[in-house]
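K.L.:
Provided herewith is a single structure, encoded as structure tokens, for subsequent inquiry.
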Amino acid sequence: MKGCIDMECAYTLYQDLKKAQEHLILLDYLHLLYLVTPYNIISQIKPIGFIYYDMIIKLSETQMKTARLLGINEVNISKIRDGLMPKNVEPRVIHRFYVTLILYDLWNQHAVYKIAEKYDISRGIVQNLLTAVSSFAFSVIRFCQELDEFWAFKDLLNVFSKKLSYCCPLELEALMDLPLVKISRARQLYNAGFKTIQAIAKTQPIELQEKIPYLSKKVAMQIIEGAKLLIVEKIENLQDETEDILDGIHVNTFKKDF
């Protein structure tokens with residue numbers, strides 16, 4: 001086992017990385033997302049033919065380069081739409097790329113509920129997927145660190161995985177700016193009704209503790225103080241922006257002509 005990946009997954013990952021070495025597409029993030037799409041979550045999401053087809057035909061020409069590289073071209077996606085499995089593409093590749101497309105929507109900050117509705121899956125699966133891919137990305141990095149032949153992936157995936165760890169649904173983005181708040185904690189806050197920085201700044205530590213499991217008073221206070229500081233910073237930035245806009249303009253002498 002290398003990089004905390006079991007032997008079966010390690011062999012498959014090795015083959016995927018070997019192929020990517022020769023044809024890695026870096027015109028956008030789609031191919032990198034495919035490489036860090038967890039194998040163990042594929043079984044939880046079954047591709048729906050017509051949805052898959054709609055997503056593929058909407059890809060840009062740049063994104064289609066990755067799809068075609070994996071064997072998911074115009075001919076094969078038509079077969080998938082009609083309920084047929086192409087014989088020249090491994091089923092695991094077809095399933096995995098479908099999950100990658102979901103991840104790509106998450107990467108582009110689409111809301112969880114919209115993605116769940118779009119792909120006809122539960123919100124819980126979408127939320128778990130984001131956590132799973134971040135964890136698997138770090139495992140892939142450790143895997144590459146153990147094998148010198150994959151030296152080129154080390155720094156590339158390291159930078160990418162850090163960006164991925166901050167990738168979150170649009171509704172959680174503001175909460176991720178708070179101290180000690182990562183995606184799981186942000187989701188807890190959001191589900192508990194604390195959907196904005198302002199809402200958190202107005203609350204008391206005891207209220208957070210009552211609604212967020214296993215949250216200590218110290219951490220609750222730090223989160224609330226962090227929210228207050230963010231609001232103060234926002235106000236100061238707005239004041240500076242206002243001063244810049246009004247610089248040289250004598251507002252008190254300004255008169256409207258009617």
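A note on labels: chains of the structure tokens are A, B, ... as shown, every chain counts residues from 1, and ligands are counted from 1 in their shown order.
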From a backbone DSSP assignment, name each residue in range 57-132 of chain A labelled helix (DSSP H, G or I), as an mmCIF file with C-alpha atoms, in the first residue's frame.

P.N.:
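New file states00.cif:
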data_model
loop_
_atom_site.group_PDB
_atom_site.id
_atom_site.type_symbol
_atom_site.label_atom_id
_atom_site.label_comp_id
_atom_site.auth_asym_id
_atom_site.auth_seq_id
_atom_site.Cartn_x
_atom_site.Cartn_y
_atom_site.Cartn_z
ATOM 1 C CA ILE A 57 -22.826 17.888 -25.417
ATOM 2 C CA GLU A 61 -14.208 22.070 -27.076
ATOM 3 C CA THR A 62 -11.444 22.393 -24.470
ATOM 4 C CA GLN A 63 -13.372 20.230 -21.996
ATOM 5 C CA MET A 64 -14.211 17.708 -24.723
ATOM 6 C CA LYS A 65 -10.492 17.033 -25.154
ATOM 7 C CA THR A 66 -10.496 15.377 -21.722
ATOM 8 C CA ALA A 67 -13.712 13.468 -22.443
ATOM 9 C CA ARG A 68 -12.382 12.157 -25.774
ATOM 10 C CA LEU A 69 -9.063 11.209 -24.200
ATOM 11 C CA GLU A 74 -19.782 11.797 -29.408
ATOM 12 C CA VAL A 75 -20.481 8.262 -30.644
ATOM 13 C CA ASN A 76 -20.085 6.610 -27.261
ATOM 14 C CA ILE A 77 -22.119 9.176 -25.350
ATOM 15 C CA SER A 78 -24.999 8.573 -27.770
ATOM 16 C CA LYS A 79 -24.821 4.873 -26.892
ATOM 17 C CA ILE A 80 -24.808 5.695 -23.186
ATOM 18 C CA ARG A 81 -27.868 7.916 -23.663
ATOM 19 C CA PRO A 91 -17.294 0.921 -17.361
ATOM 20 C CA ARG A 92 -15.300 2.286 -14.401
ATOM 21 C CA VAL A 93 -14.008 5.117 -16.615
ATOM 22 C CA ILE A 94 -17.517 5.991 -17.761
ATOM 23 C CA HIS A 95 -18.847 5.985 -14.201
ATOM 24 C CA ARG A 96 -15.879 7.887 -12.818
ATOM 25 C CA PHE A 97 -16.074 10.667 -15.396
ATOM 26 C CA TYR A 98 -19.768 11.101 -14.630
ATOM 27 C CA VAL A 99 -18.833 11.746 -10.994
ATOM 28 C CA THR A 100 -16.078 14.078 -12.203
ATOM 29 C CA LEU A 101 -18.688 16.171 -14.020
ATOM 30 C CA ILE A 102 -20.562 16.561 -10.726
ATOM 31 C CA LEU A 103 -17.316 17.637 -9.072
ATOM 32 C CA TYR A 104 -16.702 20.092 -11.885
ATOM 33 C CA ASP A 105 -20.022 21.778 -11.142
ATOM 34 C CA LEU A 106 -19.051 21.973 -7.466
ATOM 35 C CA TRP A 107 -15.675 23.397 -8.454
ATOM 36 C CA VAL A 112 -25.502 21.837 -3.709
ATOM 37 C CA TYR A 113 -29.283 21.758 -4.107
ATOM 38 C CA LYS A 114 -29.029 22.698 -7.791
ATOM 39 C CA ILE A 115 -26.445 19.986 -8.443
ATOM 40 C CA ALA A 116 -28.498 17.399 -6.556
ATOM 41 C CA GLU A 117 -31.538 18.301 -8.654
ATOM 42 C CA LYS A 118 -29.552 18.386 -11.888
ATOM 43 C CA TYR A 119 -28.089 14.882 -11.447
ATOM 44 C CA ARG A 123 -27.831 16.494 -1.317
ATOM 45 C CA GLY A 124 -26.060 14.252 1.178
ATOM 46 C CA ILE A 125 -24.226 12.430 -1.601
ATOM 47 C CA VAL A 126 -23.141 15.724 -3.164
ATOM 48 C CA GLN A 127 -21.872 17.004 0.178
ATOM 49 C CA ASN A 128 -20.034 13.763 0.955
ATOM 50 C CA LEU A 129 -18.460 13.804 -2.484
ATOM 51 C CA LEU A 130 -16.756 17.121 -1.846
ATOM 52 C CA THR A 131 -15.252 15.842 1.407
ATOM 53 C CA ALA A 132 -14.205 12.536 -0.174
#

K.L.:
Of the candidates A:Lys182, A:Lys163, A:Lys46, A:Lys58, which shows the shortest atom-to-atom distance to Leu32 in chain A, using only C-alpha atoms?

P.N.:
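Nearest to Leu32 in chain A: A:Lys163.
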
K.L.:
Could you tell me how far CA of Phe136 in chain A sits from CA of Ser184 in chain A, in Å to one decimal place?

P.N.:
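The value is 16.1 Å.
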
K.L.:
Report as a PyMOL selection string all protein, DNA and RNA residues lying within 9 Å of Phe153 in chain A, evaluated on only C-alpha atoms, omitting residues in the same chain fewer than 6 positions from it.

P.N.:
chain A and resi 17+21+141+144-145

K.L.:
Selection from above, C-alpha atoms, as an mmCIF file, in the first residue's frame, can you write it?

P.N.:
data_model
loop_
_atom_site.group_PDB
_atom_site.id
_atom_site.type_symbol
_atom_site.label_atom_id
_atom_site.label_comp_id
_atom_site.auth_asym_id
_atom_site.auth_seq_id
_atom_site.Cartn_x
_atom_site.Cartn_y
_atom_site.Cartn_z
ATOM 1 C CA LEU A 17 -1.430 8.267 -13.788
ATOM 2 C CA GLN A 21 1.764 11.319 -17.968
ATOM 3 C CA ILE A 141 -0.192 13.135 -3.632
ATOM 4 C CA CYS A 144 3.057 10.092 -6.136
ATOM 5 C CA GLN A 145 5.647 10.986 -3.489
#

K.L.:
Pick out the closest residue to Gln15 in chain A from this set: A:Leu35, A:Ile224, A:Val219, A:Val232. Count only C-alpha atoms.

P.N.:
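Of all the options, A:Leu35 lies closest to Gln15 in chain A.
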
K.L.:
Out of A:Ser134, A:Asn88, A:Ser60, A:Asn73, which residue has the shortest atom-to-atom distance to Val36 in chain A when counting only C-alpha atoms?

P.N.:
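For Val36 in chain A, the nearest of the candidates is A:Ser134.
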
K.L.:
Go through A:Ile56, A:Ala10, A:Leu70, A:Ile5 one by one, measure the shortest atom-to-atom distance of each to Tyr34 in chain A using only C-alpha atoms, and give the residue with the smallest value.

P.N.:
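Under the stated criterion, the closest residue is A:Leu70.
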
K.L.:
Between A:Thr12, A:Ser216, A:Pro38, A:His31, which residue has the minimum interatomic distance to Leu157 in chain A, considering only C-alpha atoms?

P.N.:
A:His31

K.L.:
Could you tell me which of A:Phe143, A:Tyr53, A:Tyr39, A:Tyr190 comes closest to Ile72 in chain A if we count only C-alpha atoms?

P.N.:
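Closest to Ile72 in chain A of all the choices is A:Tyr53.
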
K.L.:
What's the 12 Å shell around Glu225 in chain A, counting only C-alpha atoms, without same-chain residues fewer than 2 positions away, as a list in words?

P.N.:
Leu178, Pro179, Leu180, Ile197, Gln198, Ile200, Ala201, Lys202, Thr203, Gln204, Pro205, Lys218, Val219, Ala220, Met221, Gln222, Ile223, Ala227, Lys228, Leu229, Leu230, Ile231 and Val232 of chain A

K.L.:
One decimal, Å: what's the distance from CA of Leu172 in chain A over to CA of Asp54 in chain A, could you say?

P.N.:
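Interatomic distance, CA of Leu172 in chain A to CA of Asp54 in chain A: 27.5 Å.
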